[in-house]
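Enquirer: Sharing a structure, written as structure tokens. Questions coming.
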Amino acid sequence: MSSNGKVALVTGGGSGIGKASALALAEEGFAVVVAGRRPEPLQAVVGEIESKQGRALGVPTDVGNPEAVRDLFAKTKRTYGRLDVLFNNAGFGVIDSILNGSFLCTQEAFKIMKDQKPMGGRIINNGSISAHVPRPDSAAYTSAKHAITGLTKSTSLDGRKYDISCGQIDVGNALTEMTQRMTRGVPQANGTVVVEPTMDVQNVARAVVFMATVTPEANVQFLTVMATKMPFVGRG
């Protein structure tokens with residue numbers, strides 16, 4: 001892996017979308033900081049990146065904890081000196097990790113990005129199809145994901161003067177450990193339970209790399225990548 005001289009931080013990076021994205025960003029030449037709750041999966045991702053001559057750092061972090069988040073970003077700055085891309089991906093535990101975690105990480109990323117030279121950076125938020133239309137019985141998750149859309153827009157606006165851009169990727173039915181249940185059936189609004197189509201998580205990882213590497217004067221504000229035949233269009 002040849003270095004592009006840039007640094008990316010991925011939360012929820014030990015598995016699923018976060019892991020796939022961390023590996024893809026490393027392939028693109030980023031030094032990658034991988035944050036997550038469990039040390040073992042983080043070290044596995046770091047080991048995989050380093051085995052291909054990439055640069056990586058694993059930092060066990062509860063993104064809902066302000067002190068842990070401050071420590072995560074301090075370690076990132078101490079190790080690599082800057083931060084170019086933050087992927088707010090952690091999404092387990094709903095309000096604490098999805099909303100509070102994304103807010104706290106965005107706050108710390110701003111502090112680094114606005115003071116570094118060259119100034120600026122890019123923040124990518126993992127939204128969801130649920131940021132547009134809910135599934136049945138998903139009030140907490142759907143509320144958190146709608147809040148992420150508000151955070152994305154506010155961050156995009158407030159970051160302009162610091163050359164910090166912010167975009168949101170909304171994912172539908174990527175096949176990961178968390179979405180295995182799709183293959184067993186998911187409740188629908190009409191009361192039925194239906195097995196929903198899924199897609200390879202690499203489609204999400206490639207989309208994250210695209211969002212992370214558009215030229216500095218461009219921003220991918222919203223991007224939806226989903227299983228072609230999932231019942232999203234037509235359910236709202």
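Simple scheme: letters A, B, ... for chains in structure tokens order, numbers from 1 for residues in each chain, numbers from 1 for ligands in the order shown.
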Please return as a PyMOL selection string: the residues of region 20-136 of chain A that backbone DSSP assigns to strand (DSSP E).
Expert: chain A and resi 31-36+56-60+85-88+121-126
Enquirer: Need the shell around region 187-204 of chain A: protein/DNA/RNA residues with any atom at most 6 Å away, counting only C-alpha atoms. Skip same-chain ones fewer than 4 positions apart. Format as a ChimeraX atom specification?
Expert: /A:136,173-175,182-183,227,230
Enquirer: Take the residues from that selection and write them out as a compact mmCIF listing (two decimals), in the first residue's frame, keeping N, CA and C atoms.
Expert:
# COMPACT_ATOMS: atom_id res chain seq x y z
N PRO A 136 -41.15 -0.90 10.93
CA PRO A 136 -42.03 -1.03 12.10
C PRO A 136 -41.22 -1.19 13.39
N ASN A 173 -29.42 -2.57 3.65
CA ASN A 173 -29.27 -4.03 3.58
C ASN A 173 -27.90 -4.51 3.08
N ALA A 174 -26.83 -3.87 3.58
CA ALA A 174 -25.50 -4.45 3.36
C ALA A 174 -25.37 -5.69 4.22
N LEU A 175 -24.84 -6.77 3.67
CA LEU A 175 -24.76 -8.02 4.41
C LEU A 175 -23.55 -8.00 5.34
N MET A 182 -31.74 -10.22 8.11
CA MET A 182 -32.45 -9.95 6.85
C MET A 182 -32.72 -11.25 6.10
N THR A 183 -31.76 -12.18 6.22
CA THR A 183 -31.89 -13.43 5.47
C THR A 183 -32.90 -14.38 6.12
N ALA A 227 -29.38 -2.57 -1.53
CA ALA A 227 -29.70 -3.75 -2.33
C ALA A 227 -30.77 -3.37 -3.35
N MET A 230 -34.43 -4.40 -2.54
CA MET A 230 -35.02 -4.28 -1.19
C MET A 230 -36.25 -3.41 -1.25
Enquirer: With a distance cut-off of 12 Å and only C-alpha atoms, select the neighbouring residues of Lys153 (chain A), excluding the residue or stretch itself and same-chain residues fewer than 4 positions from it, and output the selection as a list in words.
Expert: Ile123, Ile124, Asn125, Gly127, His146, Ala147, Ile148, Thr149, Leu157, Asp158, Gly159, Arg160, Ser165, Cys166, Gly167, Gln168, Val220, Gln221 and Phe222 of chain A
Enquirer: Pick from A:Gly58, A:Gly81, A:Gly47, A:Gly185: nearest to Gly13 (chain A), with only C-alpha atoms counted?
Expert: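 Using only C-alpha atoms, the shortest distance to Gly13 (chain A) belongs to A:Gly58.
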Enquirer: Name the residues in contact with Ala212 (chain A) at a cut-off of 10 Å, using only C-alpha atoms, excluding same-chain residues fewer than 3 positions from it; report them as a PyMOL selection string.
Expert: chain A and resi 8+25+28+84-87+121-124+166-167+206-209+215-216+219-220
Enquirer: Would you output that residue set with all heavy atoms, as a short mmCIF file (atom, residue, chain, number, x, y, z; two decimals), in the first residue's frame?
Expert:
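Now in again10.cif:
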data_model
loop_
_atom_site.label_atom_id
_atom_site.label_comp_id
_atom_site.auth_asym_id
_atom_site.auth_seq_id
_atom_site.Cartn_x
_atom_site.Cartn_y
_atom_site.Cartn_z
N ALA A 8 -7.23 8.79 8.13
CA ALA A 8 -8.68 8.59 8.29
C ALA A 8 -8.95 7.90 9.62
O ALA A 8 -8.16 7.05 10.05
CB ALA A 8 -9.24 7.75 7.15
N LEU A 25 -10.03 2.11 2.84
CA LEU A 25 -9.31 3.38 2.98
C LEU A 25 -7.81 3.15 3.06
O LEU A 25 -7.01 3.90 2.49
CB LEU A 25 -9.81 4.14 4.21
CG LEU A 25 -11.20 4.77 4.07
CD1 LEU A 25 -11.78 5.10 5.45
CD2 LEU A 25 -11.17 6.02 3.19
N GLU A 28 -6.41 2.57 -0.22
CA GLU A 28 -6.34 3.84 -0.96
C GLU A 28 -5.14 4.68 -0.53
O GLU A 28 -4.84 5.70 -1.13
CB GLU A 28 -7.65 4.62 -0.73
CG GLU A 28 -7.86 5.83 -1.60
CD GLU A 28 -8.02 5.51 -3.08
OE1 GLU A 28 -8.45 4.39 -3.42
OE2 GLU A 28 -7.70 6.39 -3.90
N ASP A 84 -7.63 13.81 8.33
CA ASP A 84 -8.22 14.27 7.07
C ASP A 84 -9.64 13.80 6.87
O ASP A 84 -10.45 14.51 6.25
CB ASP A 84 -7.34 13.80 5.90
CG ASP A 84 -5.94 14.39 5.98
OD1 ASP A 84 -5.77 15.56 5.62
OD2 ASP A 84 -5.04 13.67 6.46
N VAL A 85 -9.96 12.59 7.36
CA VAL A 85 -11.30 12.03 7.16
C VAL A 85 -11.76 11.36 8.45
O VAL A 85 -11.02 10.58 9.06
CB VAL A 85 -11.31 10.98 6.02
CG1 VAL A 85 -12.66 10.29 5.93
CG2 VAL A 85 -10.95 11.63 4.68
N LEU A 86 -12.99 11.67 8.86
CA LEU A 86 -13.65 10.95 9.96
C LEU A 86 -14.88 10.26 9.38
O LEU A 86 -15.71 10.90 8.74
CB LEU A 86 -14.08 11.93 11.06
CG LEU A 86 -15.11 11.39 12.07
CD1 LEU A 86 -14.54 10.24 12.89
CD2 LEU A 86 -15.61 12.52 12.99
N PHE A 87 -14.98 8.94 9.61
CA PHE A 87 -16.18 8.21 9.23
C PHE A 87 -16.91 7.83 10.51
O PHE A 87 -16.51 6.93 11.24
CB PHE A 87 -15.82 6.96 8.41
CG PHE A 87 -17.01 6.13 7.95
CD1 PHE A 87 -18.27 6.70 7.76
CD2 PHE A 87 -16.86 4.77 7.70
CE1 PHE A 87 -19.36 5.93 7.35
CE2 PHE A 87 -17.94 3.99 7.27
CZ PHE A 87 -19.19 4.58 7.10
N GLY A 121 -10.81 19.27 6.31
CA GLY A 121 -10.97 17.82 6.35
C GLY A 121 -12.37 17.45 5.91
O GLY A 121 -13.14 18.30 5.43
N ARG A 122 -12.70 16.17 6.09
CA ARG A 122 -13.97 15.67 5.60
C ARG A 122 -14.58 14.73 6.65
O ARG A 122 -13.88 13.89 7.20
CB ARG A 122 -13.73 14.90 4.30
CG ARG A 122 -14.95 14.67 3.45
CD ARG A 122 -14.56 14.00 2.15
NE ARG A 122 -13.74 14.82 1.27
CZ ARG A 122 -14.22 15.77 0.48
NH1 ARG A 122 -15.50 16.04 0.46
NH2 ARG A 122 -13.41 16.45 -0.32
N ILE A 123 -15.86 14.91 6.91
CA ILE A 123 -16.57 14.05 7.85
C ILE A 123 -17.68 13.32 7.09
O ILE A 123 -18.44 13.95 6.34
CB ILE A 123 -17.16 14.87 9.02
CG1 ILE A 123 -16.02 15.50 9.83
CG2 ILE A 123 -18.03 13.98 9.92
CD1 ILE A 123 -16.47 16.52 10.85
N ILE A 124 -17.73 12.01 7.25
CA ILE A 124 -18.75 11.19 6.60
C ILE A 124 -19.58 10.54 7.69
O ILE A 124 -19.04 9.86 8.58
CB ILE A 124 -18.11 10.11 5.70
CG1 ILE A 124 -17.22 10.76 4.62
CG2 ILE A 124 -19.19 9.24 5.06
CD1 ILE A 124 -16.33 9.77 3.89
N CYS A 166 -18.92 17.84 5.02
CA CYS A 166 -19.60 16.72 5.68
C CYS A 166 -20.66 16.15 4.76
O CYS A 166 -21.47 16.91 4.19
CB CYS A 166 -20.24 17.19 6.99
SG CYS A 166 -21.07 15.86 7.91
N GLY A 167 -20.66 14.85 4.60
CA GLY A 167 -21.67 14.17 3.80
C GLY A 167 -22.21 12.95 4.53
O GLY A 167 -21.67 12.54 5.57
N ARG A 206 -16.54 0.88 -1.00
CA ARG A 206 -16.11 1.63 -2.18
C ARG A 206 -16.75 3.01 -2.23
O ARG A 206 -16.14 4.00 -2.64
CB ARG A 206 -16.43 0.84 -3.46
CG ARG A 206 -15.52 -0.35 -3.68
CD ARG A 206 -15.50 -0.80 -5.13
NE ARG A 206 -16.80 -1.26 -5.60
CZ ARG A 206 -17.22 -2.52 -5.49
NH1 ARG A 206 -16.45 -3.43 -4.91
NH2 ARG A 206 -18.39 -2.87 -5.94
N ALA A 207 -18.01 3.08 -1.78
CA ALA A 207 -18.71 4.37 -1.76
C ALA A 207 -18.07 5.31 -0.73
O ALA A 207 -17.94 6.51 -0.98
CB ALA A 207 -20.19 4.16 -1.44
N VAL A 208 -17.67 4.77 0.42
CA VAL A 208 -17.01 5.58 1.44
C VAL A 208 -15.69 6.13 0.90
O VAL A 208 -15.35 7.30 1.09
CB VAL A 208 -16.80 4.77 2.74
CG1 VAL A 208 -15.88 5.51 3.71
CG2 VAL A 208 -18.14 4.48 3.40
N VAL A 209 -14.92 5.28 0.21
CA VAL A 209 -13.66 5.74 -0.38
C VAL A 209 -13.92 6.85 -1.40
O VAL A 209 -13.21 7.86 -1.43
CB VAL A 209 -12.89 4.56 -1.03
CG1 VAL A 209 -11.72 5.08 -1.87
CG2 VAL A 209 -12.38 3.61 0.04
N THR A 215 -12.24 15.61 -4.89
CA THR A 215 -11.31 16.74 -4.75
C THR A 215 -11.84 17.75 -3.73
O THR A 215 -13.05 17.83 -3.50
CB THR A 215 -11.06 17.41 -6.11
OG1 THR A 215 -12.32 17.71 -6.71
CG2 THR A 215 -10.27 16.49 -7.02
N PRO A 216 -10.95 18.51 -3.08
CA PRO A 216 -11.33 19.32 -1.91
C PRO A 216 -12.49 20.29 -2.14
O PRO A 216 -13.22 20.59 -1.20
CB PRO A 216 -10.04 20.08 -1.57
CG PRO A 216 -8.95 19.23 -2.10
CD PRO A 216 -9.49 18.58 -3.34
N ASN A 219 -18.07 17.97 -2.56
CA ASN A 219 -18.60 17.21 -1.44
C ASN A 219 -19.75 16.35 -1.90
O ASN A 219 -20.62 16.81 -2.63
CB ASN A 219 -19.09 18.16 -0.33
CG ASN A 219 -19.60 17.39 0.90
OD1 ASN A 219 -18.99 16.42 1.31
ND2 ASN A 219 -20.70 17.84 1.47
N VAL A 220 -19.75 15.08 -1.49
CA VAL A 220 -20.90 14.21 -1.71
C VAL A 220 -21.82 14.41 -0.51
O VAL A 220 -21.57 13.88 0.56
CB VAL A 220 -20.48 12.73 -1.85
CG1 VAL A 220 -21.70 11.86 -2.11
CG2 VAL A 220 -19.45 12.57 -2.96
#
Enquirer: List every residue of region 27-75 of chain A that has an atom at most 7 Å from any atom of region 98-117 of chain A, giving for each one its closest atom pair and the distance in Å to one decimal, counting only C-alpha atoms, sorted by chain and then by ascending residue number, as a Markdown table.
Expert:
| residue | atom | partner | partner_atom | distance |
| --- | --- | --- | --- | --- |
| A:Val63 | CA | A:Gly101 | CA | 4.5 |
| A:Gly64 | CA | A:Gly101 | CA | 4.7 |
| A:Pro66 | CA | A:Leu104 | CA | 6.5 |
| A:Val69 | CA | A:Cys105 | CA | 6.4 |
| A:Arg70 | CA | A:Glu108 | CA | 6.7 |
| A:Phe73 | CA | A:Glu108 | CA | 6.5 |
Enquirer: Using only C-alpha atoms, pick whichever of A:Lys75, A:Glu67, A:Ala90, A:Leu57 has the shortest atom-to-atom distance to Gly36 (chain A).
Expert: A:Ala90
Enquirer: Using only C-alpha atoms, pick whichever of A:Ala139, A:Met211, A:Val133, A:Ile164 has the shortest atom-to-atom distance to Phe232 (chain A).
Expert: A:Val133
Enquirer: Skipping near chain neighbours, those fewer than 2 positions away, what residues fall within 12 Å of His132 (chain A) using only C-alpha atoms, listed as a ChimeraX atom specification?
Expert: /A:127-130,134-135,141-150,169-172,222,224,232-233,235-236
Enquirer: Take CA of Lys52 (chain A) and CA of Ala205 (chain A) and report the distance between them in Å, one decimal.
Expert: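 Separation between CA of Lys52 (chain A) and CA of Ala205 (chain A): 17.8 Å.
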Enquirer: From chain A, collect each residue whose DSSP state is alpha helix (DSSP H) and return the set as JSON, numbers by chain.
Expert: {"A": [16, 17, 18, 19, 20, 21, 22, 23, 24, 25, 26, 27, 39, 40, 41, 42, 43, 44, 45, 46, 47, 48, 49, 50, 66, 67, 68, 69, 70, 71, 72, 73, 74, 75, 76, 77, 78, 79, 80, 102, 103, 104, 105, 106, 107, 108, 109, 110, 111, 112, 113, 114, 115, 139, 140, 141, 142, 143, 144, 145, 146, 147, 148, 149, 150, 151, 152, 153, 154, 155, 156, 157, 158, 202, 203, 204, 205, 206, 207, 208, 209, 210, 211, 212, 213]}
Enquirer: Point out the residue among A:Ile49, A:Asn65, A:Glu177, A:Arg37 with the least atom-to-atom distance to Ser21 (chain A), counting only C-alpha atoms.
Expert: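 Residue with the minimum atom-to-atom distance to Ser21 (chain A): A:Ile49.
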Enquirer: Figure out the distance between CA of Ser3 (chain A) and CA of Gly54 (chain A), please, to one decimal in Å.
Expert: 7.5 Å
Enquirer: CA of Leu223 (chain A) and CA of Glu48 (chain A), how far apart in Å?
Expert: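 Taking CA of Glu48 (chain A) and CA of Leu223 (chain A), their separation equals 28.0 Å.
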Enquirer: Just checking: using only C-alpha atoms, which residue out of A:Ser51, A:Ala24, A:Ile95, A:Gly5 ends up closest to Phe210 (chain A)?
Expert: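 Selected residue with least distance to Phe210 (chain A): A:Ala24.
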